[in-house]
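Below is structure36.txt, which holds compact mmCIF, N, CA and C atoms.
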# COMPACT_ATOMS: atom_id res chain seq x y z
N MET D 1 -10.31 14.03 2.86
CA MET D 1 -8.97 13.68 2.45
C MET D 1 -8.26 13.01 3.62
N CYS D 2 -7.46 12.04 3.31
CA CYS D 2 -6.73 11.31 4.32
C CYS D 2 -5.24 11.58 4.16
N PHE D 3 -4.57 11.86 5.26
CA PHE D 3 -3.13 12.03 5.20
C PHE D 3 -2.52 11.60 6.51
N VAL D 4 -1.24 11.29 6.45
CA VAL D 4 -0.51 10.91 7.65
C VAL D 4 0.53 12.00 7.88
N GLU D 5 0.32 12.76 8.95
CA GLU D 5 1.20 13.89 9.23
C GLU D 5 2.62 13.40 9.51
N ASN D 6 3.59 14.11 8.93
CA ASN D 6 5.02 13.80 9.11
C ASN D 6 5.37 12.37 8.73
N ALA D 7 4.69 11.84 7.73
CA ALA D 7 4.92 10.46 7.32
C ALA D 7 6.31 10.27 6.73
N LYS D 8 6.82 9.10 6.91
CA LYS D 8 8.11 8.72 6.36
C LYS D 8 7.89 8.01 5.03
N TYR D 9 8.93 7.97 4.21
CA TYR D 9 8.83 7.31 2.91
C TYR D 9 8.42 5.85 3.06
N TYR D 10 8.91 5.20 4.09
CA TYR D 10 8.56 3.80 4.30
C TYR D 10 7.05 3.62 4.40
N TYR D 11 6.40 4.46 5.19
CA TYR D 11 4.95 4.35 5.36
C TYR D 11 4.23 4.67 4.06
N PHE D 12 4.72 5.67 3.34
CA PHE D 12 4.13 6.00 2.04
C PHE D 12 4.21 4.78 1.12
N GLY D 13 5.37 4.13 1.09
CA GLY D 13 5.55 2.97 0.23
C GLY D 13 4.59 1.84 0.57
N VAL D 14 4.44 1.55 1.84
CA VAL D 14 3.54 0.47 2.24
C VAL D 14 2.09 0.86 1.98
N LEU D 15 1.72 2.09 2.32
CA LEU D 15 0.32 2.51 2.16
C LEU D 15 -0.10 2.65 0.71
N THR D 16 0.84 2.86 -0.21
CA THR D 16 0.49 2.95 -1.63
C THR D 16 0.67 1.62 -2.35
N SER D 17 1.02 0.59 -1.61
CA SER D 17 1.25 -0.73 -2.22
C SER D 17 -0.06 -1.46 -2.48
N SER D 18 0.03 -2.45 -3.33
CA SER D 18 -1.14 -3.29 -3.59
C SER D 18 -1.55 -4.05 -2.34
N VAL D 19 -0.61 -4.37 -1.47
CA VAL D 19 -0.93 -5.07 -0.23
C VAL D 19 -1.92 -4.24 0.59
N HIS D 20 -1.61 -2.97 0.78
CA HIS D 20 -2.51 -2.12 1.56
C HIS D 20 -3.80 -1.85 0.80
N MET D 21 -3.72 -1.67 -0.51
CA MET D 21 -4.93 -1.40 -1.30
C MET D 21 -5.88 -2.60 -1.25
N ILE D 22 -5.35 -3.81 -1.24
CA ILE D 22 -6.19 -5.00 -1.15
C ILE D 22 -6.85 -5.04 0.23
N TRP D 23 -6.09 -4.72 1.27
CA TRP D 23 -6.67 -4.64 2.62
C TRP D 23 -7.79 -3.59 2.65
N LEU D 24 -7.52 -2.44 2.08
CA LEU D 24 -8.49 -1.35 2.01
C LEU D 24 -9.78 -1.83 1.35
N LYS D 25 -9.65 -2.43 0.17
CA LYS D 25 -10.84 -2.89 -0.56
C LYS D 25 -11.63 -3.93 0.22
N THR D 26 -10.95 -4.69 1.07
CA THR D 26 -11.61 -5.76 1.82
C THR D 26 -12.34 -5.25 3.05
N VAL D 27 -11.74 -4.32 3.79
CA VAL D 27 -12.31 -3.96 5.10
C VAL D 27 -13.01 -2.61 5.14
N CYS D 28 -12.82 -1.76 4.16
CA CYS D 28 -13.39 -0.42 4.26
C CYS D 28 -14.87 -0.40 3.94
N GLY D 29 -15.50 0.68 4.35
CA GLY D 29 -16.87 0.91 3.97
C GLY D 29 -16.91 1.56 2.60
N ARG D 30 -18.12 1.71 2.09
CA ARG D 30 -18.27 2.34 0.78
C ARG D 30 -19.44 3.30 0.82
N LEU D 31 -19.31 4.35 0.04
CA LEU D 31 -20.41 5.27 -0.21
C LEU D 31 -20.62 5.21 -1.70
N LYS D 32 -21.74 4.67 -2.12
CA LYS D 32 -21.96 4.27 -3.52
C LYS D 32 -20.88 3.26 -3.85
N SER D 33 -20.05 3.58 -4.84
CA SER D 33 -18.95 2.66 -5.16
C SER D 33 -17.60 3.20 -4.70
N ASP D 34 -17.59 4.36 -4.02
CA ASP D 34 -16.36 4.98 -3.55
C ASP D 34 -15.93 4.39 -2.21
N PHE D 35 -14.63 4.20 -2.06
CA PHE D 35 -14.10 3.70 -0.80
C PHE D 35 -14.22 4.78 0.27
N ARG D 36 -14.47 4.37 1.49
CA ARG D 36 -14.49 5.28 2.64
C ARG D 36 -13.35 4.84 3.56
N TYR D 37 -12.23 5.52 3.42
CA TYR D 37 -11.05 5.17 4.21
C TYR D 37 -11.25 5.67 5.63
N SER D 38 -11.18 4.77 6.57
CA SER D 38 -11.38 5.11 7.97
C SER D 38 -10.13 4.77 8.76
N ALA D 39 -9.68 5.72 9.55
CA ALA D 39 -8.51 5.46 10.38
C ALA D 39 -8.77 4.33 11.36
N THR D 40 -9.97 4.27 11.90
CA THR D 40 -10.27 3.26 12.91
C THR D 40 -10.54 1.88 12.34
N ILE D 41 -11.01 1.80 11.11
CA ILE D 41 -11.31 0.50 10.52
C ILE D 41 -10.19 0.02 9.60
N VAL D 42 -9.70 0.89 8.75
CA VAL D 42 -8.71 0.48 7.76
C VAL D 42 -7.28 0.63 8.30
N TYR D 43 -6.90 1.84 8.64
CA TYR D 43 -5.51 2.10 9.01
C TYR D 43 -5.12 1.44 10.33
N ASN D 44 -5.89 1.66 11.37
CA ASN D 44 -5.52 1.14 12.69
C ASN D 44 -5.54 -0.38 12.76
N ASN D 45 -6.24 -1.03 11.86
CA ASN D 45 -6.31 -2.49 11.85
C ASN D 45 -5.39 -3.13 10.81
N PHE D 46 -4.71 -2.31 10.05
CA PHE D 46 -3.77 -2.83 9.06
C PHE D 46 -2.57 -3.41 9.78
N VAL D 47 -2.17 -4.60 9.38
CA VAL D 47 -1.05 -5.27 10.03
C VAL D 47 0.24 -4.91 9.32
N TRP D 48 1.11 -4.21 10.03
CA TRP D 48 2.41 -3.84 9.48
C TRP D 48 3.36 -5.01 9.68
N CYS D 49 4.15 -5.28 8.67
CA CYS D 49 5.09 -6.40 8.77
C CYS D 49 6.32 -5.98 9.56
N GLU D 50 7.05 -6.97 10.00
CA GLU D 50 8.32 -6.74 10.69
C GLU D 50 9.42 -6.71 9.63
N SER D 51 9.67 -5.56 9.06
CA SER D 51 10.65 -5.42 7.98
C SER D 51 12.06 -5.37 8.52
N THR D 52 12.97 -5.98 7.78
CA THR D 52 14.39 -5.85 8.10
C THR D 52 14.86 -4.48 7.61
N ALA D 53 16.04 -4.09 8.02
CA ALA D 53 16.60 -2.81 7.57
C ALA D 53 16.75 -2.79 6.05
N LYS D 54 17.14 -3.92 5.47
CA LYS D 54 17.31 -4.01 4.02
C LYS D 54 15.95 -3.88 3.32
N GLU D 55 14.93 -4.52 3.86
CA GLU D 55 13.59 -4.43 3.27
C GLU D 55 13.04 -3.02 3.38
N LYS D 56 13.25 -2.38 4.54
CA LYS D 56 12.81 -0.99 4.70
C LYS D 56 13.51 -0.08 3.69
N ALA D 57 14.80 -0.27 3.52
CA ALA D 57 15.57 0.54 2.57
C ALA D 57 15.03 0.37 1.16
N ALA D 58 14.67 -0.85 0.80
CA ALA D 58 14.11 -1.10 -0.54
C ALA D 58 12.77 -0.39 -0.71
N ILE D 59 11.92 -0.45 0.30
CA ILE D 59 10.62 0.22 0.23
C ILE D 59 10.79 1.73 0.18
N ILE D 60 11.71 2.25 0.96
CA ILE D 60 11.98 3.69 0.94
C ILE D 60 12.43 4.12 -0.45
N ALA D 61 13.31 3.34 -1.05
CA ALA D 61 13.81 3.68 -2.39
C ALA D 61 12.68 3.66 -3.42
N THR D 62 11.82 2.66 -3.35
CA THR D 62 10.73 2.59 -4.33
C THR D 62 9.69 3.68 -4.08
N ALA D 63 9.47 4.03 -2.82
CA ALA D 63 8.53 5.11 -2.50
C ALA D 63 9.05 6.44 -3.03
N LYS D 64 10.33 6.70 -2.83
CA LYS D 64 10.92 7.93 -3.36
C LYS D 64 10.82 7.95 -4.88
N ASN D 65 11.01 6.79 -5.50
CA ASN D 65 10.92 6.71 -6.95
C ASN D 65 9.52 7.06 -7.44
N ILE D 66 8.50 6.59 -6.74
CA ILE D 66 7.12 6.94 -7.12
C ILE D 66 6.94 8.45 -7.11
N LEU D 67 7.41 9.09 -6.06
CA LEU D 67 7.27 10.55 -5.97
C LEU D 67 8.09 11.27 -7.03
N GLU D 68 9.26 10.75 -7.32
CA GLU D 68 10.09 11.35 -8.38
C GLU D 68 9.41 11.23 -9.74
N VAL D 69 8.83 10.09 -10.01
CA VAL D 69 8.12 9.91 -11.29
C VAL D 69 6.91 10.83 -11.35
N ARG D 70 6.16 10.93 -10.28
CA ARG D 70 5.01 11.84 -10.25
C ARG D 70 5.44 13.28 -10.57
N ALA D 71 6.60 13.66 -10.06
CA ALA D 71 7.10 15.03 -10.26
C ALA D 71 7.41 15.32 -11.73
N ARG D 72 7.56 14.30 -12.53
CA ARG D 72 7.81 14.49 -13.96
C ARG D 72 6.57 14.98 -14.70
N TYR D 73 5.44 14.97 -14.01
CA TYR D 73 4.16 15.35 -14.61
C TYR D 73 3.52 16.49 -13.81
N PRO D 74 4.18 17.66 -13.79
CA PRO D 74 3.71 18.75 -12.92
C PRO D 74 2.31 19.27 -13.25
N GLY D 75 1.86 19.13 -14.46
CA GLY D 75 0.54 19.62 -14.83
C GLY D 75 -0.57 18.61 -14.64
N SER D 76 -0.23 17.43 -14.13
CA SER D 76 -1.22 16.36 -13.99
C SER D 76 -1.73 16.26 -12.56
N THR D 77 -3.01 16.00 -12.43
CA THR D 77 -3.58 15.72 -11.12
C THR D 77 -3.36 14.24 -10.80
N LEU D 78 -3.62 13.86 -9.55
CA LEU D 78 -3.53 12.44 -9.20
C LEU D 78 -4.55 11.64 -10.00
N ALA D 79 -5.71 12.23 -10.26
CA ALA D 79 -6.72 11.54 -11.08
C ALA D 79 -6.18 11.29 -12.49
N ASP D 80 -5.46 12.27 -13.04
CA ASP D 80 -4.85 12.09 -14.36
C ASP D 80 -3.80 10.97 -14.31
N LEU D 81 -2.94 11.04 -13.31
CA LEU D 81 -1.83 10.09 -13.23
C LEU D 81 -2.29 8.65 -12.99
N TYR D 82 -3.39 8.51 -12.27
CA TYR D 82 -3.85 7.16 -11.91
C TYR D 82 -5.06 6.70 -12.70
N ASP D 83 -5.30 7.35 -13.83
CA ASP D 83 -6.34 6.87 -14.74
C ASP D 83 -5.91 5.49 -15.22
N PRO D 84 -6.75 4.47 -15.04
CA PRO D 84 -6.34 3.10 -15.39
C PRO D 84 -5.92 2.94 -16.85
N VAL D 85 -6.49 3.73 -17.73
CA VAL D 85 -6.17 3.61 -19.15
C VAL D 85 -4.96 4.45 -19.53
N ALA D 86 -4.86 5.65 -18.94
CA ALA D 86 -3.83 6.60 -19.36
C ALA D 86 -2.66 6.75 -18.39
N MET D 87 -2.55 5.88 -17.40
CA MET D 87 -1.47 5.98 -16.42
C MET D 87 -0.12 5.90 -17.14
N PRO D 88 0.78 6.86 -16.86
CA PRO D 88 2.09 6.81 -17.50
C PRO D 88 2.82 5.49 -17.19
N ALA D 89 3.47 4.95 -18.20
CA ALA D 89 4.14 3.66 -18.05
C ALA D 89 5.21 3.69 -16.96
N ASP D 90 5.94 4.81 -16.85
CA ASP D 90 6.98 4.87 -15.84
C ASP D 90 6.40 4.90 -14.42
N LEU D 91 5.22 5.48 -14.27
CA LEU D 91 4.58 5.48 -12.95
C LEU D 91 4.05 4.09 -12.62
N ARG D 92 3.48 3.43 -13.60
CA ARG D 92 3.01 2.05 -13.39
C ARG D 92 4.19 1.16 -12.97
N LYS D 93 5.31 1.31 -13.65
CA LYS D 93 6.50 0.51 -13.33
C LYS D 93 7.01 0.83 -11.92
N ALA D 94 6.99 2.11 -11.54
CA ALA D 94 7.42 2.50 -10.19
C ALA D 94 6.55 1.82 -9.13
N HIS D 95 5.26 1.75 -9.37
CA HIS D 95 4.36 1.07 -8.43
C HIS D 95 4.58 -0.44 -8.42
N GLU D 96 4.85 -1.01 -9.57
CA GLU D 96 5.14 -2.44 -9.62
C GLU D 96 6.37 -2.78 -8.79
N LEU D 97 7.41 -1.96 -8.90
CA LEU D 97 8.63 -2.17 -8.11
C LEU D 97 8.36 -2.01 -6.62
N ASN D 98 7.53 -1.03 -6.28
CA ASN D 98 7.15 -0.83 -4.88
C ASN D 98 6.38 -2.04 -4.37
N ASP D 99 5.44 -2.52 -5.18
CA ASP D 99 4.65 -3.69 -4.78
C ASP D 99 5.55 -4.88 -4.51
N LYS D 100 6.53 -5.09 -5.37
CA LYS D 100 7.45 -6.22 -5.18
C LYS D 100 8.22 -6.08 -3.88
N ALA D 101 8.68 -4.86 -3.57
CA ALA D 101 9.44 -4.63 -2.33
C ALA D 101 8.56 -4.87 -1.10
N VAL D 102 7.32 -4.42 -1.14
CA VAL D 102 6.42 -4.60 -0.01
C VAL D 102 6.03 -6.07 0.13
N MET D 103 5.73 -6.71 -0.98
CA MET D 103 5.38 -8.14 -0.94
C MET D 103 6.53 -8.94 -0.32
N LYS D 104 7.75 -8.62 -0.70
CA LYS D 104 8.91 -9.32 -0.17
C LYS D 104 9.03 -9.10 1.35
N ALA D 105 8.80 -7.86 1.78
CA ALA D 105 8.88 -7.55 3.21
C ALA D 105 7.84 -8.32 4.01
N TYR D 106 6.68 -8.54 3.41
CA TYR D 106 5.62 -9.31 4.08
C TYR D 106 5.85 -10.81 3.97
N GLY D 107 6.81 -11.21 3.17
CA GLY D 107 7.06 -12.64 2.98
C GLY D 107 6.07 -13.28 2.03
N PHE D 108 5.42 -12.46 1.20
CA PHE D 108 4.46 -12.96 0.23
C PHE D 108 5.16 -13.26 -1.08
N ARG D 109 4.75 -14.33 -1.73
CA ARG D 109 5.27 -14.63 -3.06
C ARG D 109 4.77 -13.59 -4.05
N ALA D 110 5.55 -13.32 -5.06
CA ALA D 110 5.19 -12.32 -6.07
C ALA D 110 3.93 -12.70 -6.84
N ASP D 111 3.64 -14.00 -6.90
CA ASP D 111 2.47 -14.45 -7.67
C ASP D 111 1.22 -14.65 -6.80
N PHE D 112 1.24 -14.17 -5.56
CA PHE D 112 0.05 -14.28 -4.71
C PHE D 112 -1.13 -13.59 -5.37
N THR D 113 -2.29 -14.19 -5.26
CA THR D 113 -3.53 -13.57 -5.73
C THR D 113 -4.02 -12.62 -4.64
N GLU D 114 -5.00 -11.80 -4.98
CA GLU D 114 -5.59 -10.92 -3.97
C GLU D 114 -6.16 -11.73 -2.82
N ALA D 115 -6.81 -12.83 -3.14
CA ALA D 115 -7.40 -13.68 -2.09
C ALA D 115 -6.32 -14.23 -1.16
N GLU D 116 -5.19 -14.62 -1.71
CA GLU D 116 -4.09 -15.13 -0.88
C GLU D 116 -3.52 -14.04 0.00
N ILE D 117 -3.39 -12.83 -0.54
CA ILE D 117 -2.88 -11.71 0.25
C ILE D 117 -3.84 -11.42 1.41
N VAL D 118 -5.14 -11.33 1.11
CA VAL D 118 -6.13 -11.08 2.16
C VAL D 118 -6.06 -12.18 3.22
N GLY D 119 -5.98 -13.42 2.78
CA GLY D 119 -5.90 -14.53 3.72
C GLY D 119 -4.70 -14.42 4.65
N GLU D 120 -3.55 -14.09 4.08
CA GLU D 120 -2.33 -13.95 4.89
C GLU D 120 -2.43 -12.75 5.83
N LEU D 121 -2.99 -11.64 5.35
CA LEU D 121 -3.15 -10.46 6.21
C LEU D 121 -4.07 -10.76 7.38
N PHE D 122 -5.15 -11.50 7.13
CA PHE D 122 -6.05 -11.85 8.23
C PHE D 122 -5.39 -12.83 9.21
N LYS D 123 -4.56 -13.73 8.71
CA LYS D 123 -3.80 -14.60 9.62
C LYS D 123 -2.89 -13.75 10.51
N MET D 124 -2.21 -12.79 9.89
CA MET D 124 -1.33 -11.90 10.65
C MET D 124 -2.13 -11.09 11.67
N TYR D 125 -3.30 -10.63 11.26
CA TYR D 125 -4.16 -9.86 12.15
C TYR D 125 -4.60 -10.70 13.34
N GLN D 126 -4.97 -11.94 13.10
CA GLN D 126 -5.38 -12.82 14.19
C GLN D 126 -4.25 -13.04 15.19
N GLU D 127 -3.04 -13.21 14.68
CA GLU D 127 -1.88 -13.38 15.56
C GLU D 127 -1.63 -12.11 16.36
N PHE D 128 -1.74 -10.97 15.70
CA PHE D 128 -1.53 -9.68 16.36
C PHE D 128 -2.60 -9.45 17.41
N ASP D 129 -3.83 -9.81 17.09
CA ASP D 129 -4.96 -9.59 18.00
C ASP D 129 -4.85 -10.44 19.26
N LYS D 130 -4.12 -11.56 19.20
CA LYS D 130 -3.95 -12.44 20.35
C LYS D 130 -2.99 -11.83 21.39
N GLU D 131 -2.12 -10.94 20.90
CA GLU D 131 -1.08 -10.38 21.79
C GLU D 131 -1.60 -9.39 22.78
Can you present the structure in this file as structure tokens?
Amino acid sequence: MCFVENAKYYYFGVLTSSVHMIWLKTVCGRLKSDFRYSATIVYNNFVWCESTAKEKAAIIATAKNILEVRARYPGSTLADLYDPVAMPADLRKAHELNDKAVMKAYGFRADFTEAEIVGELFKMYQEFDKE
């Protein structure tokens, strides 16, 4: 299990976003078809954007909303909640709003494809790696 001790809502919002999930799918290892999340490969190499205070506030709000929606389903496991077919509509919407807030903070257009997101993240990584 992977967790970030004493994490803030902002980090939760970014780490549960499609931006981070696309990065994860691109750089992580796999065991069979399961992702192997590694702090040294996935997390430590993930490029965090330079968010403004307004962008951070938006991500914090959407992250809190995800947790509030999850709390509406106390008898459900995360596997139940994130079943691609049976995911509650309000939880899907909460994640869509979070994705929009994170995409905006990264300066990505809402219609970016996964390939475009990966390309931009690698450009950011190359710039970061030069420093």
* Just give me the gap between atom CA of Leu31 of chain D and atom CA of Pro88 of chain D in Å, one decimal is fine. =>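 Atom CA of Leu31 of chain D sits 28.4 Å away from atom CA of Pro88 of chain D.
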* Interatomic distance (Å, one decimal) between atom C of Ser51 of chain D and atom N of Arg70 of chain D -> 25.6 Å
Could you pull the residues within 8 Å of Asn98 of chain D, counting all atoms listed in the file, minus those fewer than 6 positions along the same chain, as a JSON list (two decimals) with N, CA and C atoms, keeping the file's coordinate frame?
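For reference, part_7.json as written:
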[["chain", "number", "residue", "atom", "x", "y", "z"],
["D", 13, "GLY", "N", 5.37, 4.13, 1.09],
["D", 13, "GLY", "CA", 5.55, 2.97, 0.23],
["D", 13, "GLY", "C", 4.59, 1.84, 0.57],
["D", 14, "VAL", "N", 4.44, 1.55, 1.84],
["D", 14, "VAL", "CA", 3.54, 0.47, 2.24],
["D", 14, "VAL", "C", 2.09, 0.86, 1.98],
["D", 16, "THR", "N", 0.84, 2.86, -0.21],
["D", 16, "THR", "CA", 0.49, 2.95, -1.63],
["D", 16, "THR", "C", 0.67, 1.62, -2.35],
["D", 17, "SER", "N", 1.02, 0.59, -1.61],
["D", 17, "SER", "CA", 1.25, -0.73, -2.22],
["D", 17, "SER", "C", -0.06, -1.46, -2.48],
["D", 18, "SER", "N", 0.03, -2.45, -3.33],
["D", 18, "SER", "CA", -1.14, -3.29, -3.59],
["D", 18, "SER", "C", -1.55, -4.05, -2.34],
["D", 19, "VAL", "N", -0.61, -4.37, -1.47],
["D", 19, "VAL", "CA", -0.93, -5.07, -0.23],
["D", 19, "VAL", "C", -1.92, -4.24, 0.59],
["D", 58, "ALA", "N", 14.67, -0.85, 0.80],
["D", 58, "ALA", "CA", 14.11, -1.10, -0.54],
["D", 58, "ALA", "C", 12.77, -0.39, -0.71],
["D", 59, "ILE", "N", 11.92, -0.45, 0.30],
["D", 59, "ILE", "CA", 10.62, 0.22, 0.23],
["D", 59, "ILE", "C", 10.79, 1.73, 0.18],
["D", 61, "ALA", "N", 13.31, 3.34, -1.05],
["D", 61, "ALA", "CA", 13.81, 3.68, -2.39],
["D", 61, "ALA", "C", 12.68, 3.66, -3.42],
["D", 62, "THR", "N", 11.82, 2.66, -3.35],
["D", 62, "THR", "CA", 10.73, 2.59, -4.33],
["D", 62, "THR", "C", 9.69, 3.68, -4.08],
["D", 63, "ALA", "N", 9.47, 4.03, -2.82],
["D", 63, "ALA", "CA", 8.53, 5.11, -2.50],
["D", 63, "ALA", "C", 9.05, 6.44, -3.03],
["D", 66, "ILE", "N", 8.50, 6.59, -6.74],
["D", 66, "ILE", "CA", 7.12, 6.94, -7.12],
["D", 66, "ILE", "C", 6.94, 8.45, -7.11],
["D", 92, "ARG", "N", 3.48, 3.43, -13.60],
["D", 92, "ARG", "CA", 3.01, 2.05, -13.39],
["D", 92, "ARG", "C", 4.19, 1.16, -12.97],
["D", 104, "LYS", "N", 7.75, -8.62, -0.70],
["D", 104, "LYS", "CA", 8.91, -9.32, -0.17],
["D", 104, "LYS", "C", 9.03, -9.10, 1.35]]
* Asked: Excluding same-chain residues fewer than 3 positions from Tyr106 of chain D, what lies within 6 Å of it counting all atoms listed in the file, as a ChimeraX atom specification?
  -> /D:49,102-103
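Nearest residue to Phe46 of chain D among D:Ala71, D:Ala86, D:Asn65, D:Leu24 is D:Leu24, counting only N, CA and C atoms.
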* Hey, which of D:Ala57, D:Ala39, D:Gly107, D:Val69 ends up closest to Leu91 of chain D? Count only N, CA and C atoms. ->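 Answer, going by the shortest atom-to-atom distance: D:Val69.
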* Neighbours of segment 112-120 of chain D within 6.5 Å (only N, CA and C atoms; same-chain residues fewer than 4 positions away dropped), as a list of chain:residue names? -> D:Ile22, D:Trp23, D:Phe108, D:Met124, D:Tyr125
* Computed interatomic separation between atom CA of Thr26 of chain D and atom N of Trp48 of chain D (Å) -> 15.2 Å
* Identify all residues of segment 10-64 of chain D in helix (DSSP H, G or I) (DSSP on the backbone) and supply them as a VMD selection string. => chain D and resid 10 to 15 18 to 27 39 to 43 53 to 64
* Any chance you could list, as number ranges by chain, the residues in chain D that come up strand (DSSP E or B) when DSSP is run on the backbone? => D: 29-31, 34-36
Residue subset to file, keeping N, CA and C atoms, as a PDB file, keeping the file's coordinate frame:
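File produced: again-v5.pdb:
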ATOM      1  N   GLY D  29     -15.500   0.680   4.350  1.00  0.00           N
ATOM      2  CA  GLY D  29     -16.870   0.910   3.970  1.00  0.00           C
ATOM      3  C   GLY D  29     -16.910   1.560   2.600  1.00  0.00           C
ATOM      4  N   ARG D  30     -18.120   1.710   2.090  1.00  0.00           N
ATOM      5  CA  ARG D  30     -18.270   2.340   0.780  1.00  0.00           C
ATOM      6  C   ARG D  30     -19.440   3.300   0.820  1.00  0.00           C
ATOM      7  N   LEU D  31     -19.310   4.350   0.040  1.00  0.00           N
ATOM      8  CA  LEU D  31     -20.410   5.270  -0.210  1.00  0.00           C
ATOM      9  C   LEU D  31     -20.620   5.210  -1.700  1.00  0.00           C
ATOM     10  N   ASP D  34     -17.590   4.360  -4.020  1.00  0.00           N
ATOM     11  CA  ASP D  34     -16.360   4.980  -3.550  1.00  0.00           C
ATOM     12  C   ASP D  34     -15.930   4.390  -2.210  1.00  0.00           C
ATOM     13  N   PHE D  35     -14.630   4.200  -2.060  1.00  0.00           N
ATOM     14  CA  PHE D  35     -14.100   3.700  -0.800  1.00  0.00           C
ATOM     15  C   PHE D  35     -14.220   4.780   0.270  1.00  0.00           C
ATOM     16  N   ARG D  36     -14.470   4.370   1.490  1.00  0.00           N
ATOM     17  CA  ARG D  36     -14.490   5.280   2.640  1.00  0.00           C
ATOM     18  C   ARG D  36     -13.350   4.840   3.560  1.00  0.00           C
TER      19      ARG D  36
END
Output file: segment 45-96 of chain D, C-alpha atoms, as a PDB file, in the first residue's frame:
ATOM      1  CA  ASN D  45      10.103  11.869 -10.672  1.00  0.00           C
ATOM      2  CA  PHE D  46       6.633  13.352 -10.990  1.00  0.00           C
ATOM      3  CA  VAL D  47       6.846  17.004 -11.969  1.00  0.00           C
ATOM      4  CA  TRP D  48       4.745  19.205  -9.717  1.00  0.00           C
ATOM      5  CA  CYS D  49       3.470  22.365 -11.326  1.00  0.00           C
ATOM      6  CA  GLU D  50       3.991  25.852  -9.968  1.00  0.00           C
ATOM      7  CA  SER D  51       0.407  26.488  -8.853  1.00  0.00           C
ATOM      8  CA  THR D  52      -0.891  29.909  -7.955  1.00  0.00           C
ATOM      9  CA  ALA D  53      -2.733  30.375  -4.671  1.00  0.00           C
ATOM     10  CA  LYS D  54      -6.025  30.428  -6.599  1.00  0.00           C
ATOM     11  CA  GLU D  55      -5.175  27.195  -8.432  1.00  0.00           C
ATOM     12  CA  LYS D  56      -4.139  25.499  -5.185  1.00  0.00           C
ATOM     13  CA  ALA D  57      -7.397  26.591  -3.552  1.00  0.00           C
ATOM     14  CA  ALA D  58      -9.375  25.111  -6.455  1.00  0.00           C
ATOM     15  CA  ILE D  59      -7.517  21.788  -6.199  1.00  0.00           C
ATOM     16  CA  ILE D  60      -7.975  21.706  -2.430  1.00  0.00           C
ATOM     17  CA  ALA D  61     -11.708  22.294  -2.855  1.00  0.00           C
ATOM     18  CA  THR D  62     -12.074  19.535  -5.442  1.00  0.00           C
ATOM     19  CA  ALA D  63      -9.961  17.129  -3.361  1.00  0.00           C
ATOM     20  CA  LYS D  64     -12.145  17.740  -0.315  1.00  0.00           C
ATOM     21  CA  ASN D  65     -15.192  17.187  -2.502  1.00  0.00           C
ATOM     22  CA  ILE D  66     -13.883  13.780  -3.610  1.00  0.00           C
ATOM     23  CA  LEU D  67     -13.492  12.737   0.014  1.00  0.00           C
ATOM     24  CA  GLU D  68     -16.917  14.102   0.932  1.00  0.00           C
ATOM     25  CA  VAL D  69     -18.539  12.150  -1.899  1.00  0.00           C
ATOM     26  CA  ARG D  70     -16.693   8.983  -0.886  1.00  0.00           C
ATOM     27  CA  ALA D  71     -18.042   9.430   2.646  1.00  0.00           C
ATOM     28  CA  ARG D  72     -21.585   9.170   1.264  1.00  0.00           C
ATOM     29  CA  TYR D  73     -20.880   5.481   0.630  1.00  0.00           C
ATOM     30  CA  PRO D  74     -19.722   4.172   4.024  1.00  0.00           C
ATOM     31  CA  GLY D  75     -20.351   0.517   3.167  1.00  0.00           C
ATOM     32  CA  SER D  76     -18.362   0.631  -0.067  1.00  0.00           C
ATOM     33  CA  THR D  77     -14.730  -0.269  -0.539  1.00  0.00           C
ATOM     34  CA  LEU D  78     -12.480   1.715  -2.863  1.00  0.00           C
ATOM     35  CA  ALA D  79     -12.780  -1.194  -5.299  1.00  0.00           C
ATOM     36  CA  ASP D  80     -16.566  -0.796  -5.193  1.00  0.00           C
ATOM     37  CA  LEU D  81     -16.404   2.975  -5.633  1.00  0.00           C
ATOM     38  CA  TYR D  82     -13.936   2.866  -8.510  1.00  0.00           C
ATOM     39  CA  ASP D  83     -15.468   0.006 -10.458  1.00  0.00           C
ATOM     40  CA  PRO D  84     -15.436   1.398 -14.022  1.00  0.00           C
ATOM     41  CA  VAL D  85     -18.994   0.218 -14.666  1.00  0.00           C
ATOM     42  CA  ALA D  86     -20.597   0.901 -11.282  1.00  0.00           C
ATOM     43  CA  MET D  87     -18.765   4.059 -10.155  1.00  0.00           C
ATOM     44  CA  PRO D  88     -21.279   6.443  -8.566  1.00  0.00           C
ATOM     45  CA  ALA D  89     -22.066   9.360 -10.869  1.00  0.00           C
ATOM     46  CA  ASP D  90     -21.381  11.945  -8.165  1.00  0.00           C
ATOM     47  CA  LEU D  91     -17.918  10.484  -7.533  1.00  0.00           C
ATOM     48  CA  ARG D  92     -17.140  10.448 -11.254  1.00  0.00           C
ATOM     49  CA  LYS D  93     -18.211  14.110 -11.445  1.00  0.00           C
ATOM     50  CA  ALA D  94     -16.056  14.994  -8.412  1.00  0.00           C
ATOM     51  CA  HIS D  95     -13.022  13.496 -10.154  1.00  0.00           C
ATOM     52  CA  GLU D  96     -13.835  15.281 -13.407  1.00  0.00           C
TER      53      GLU D  96
END
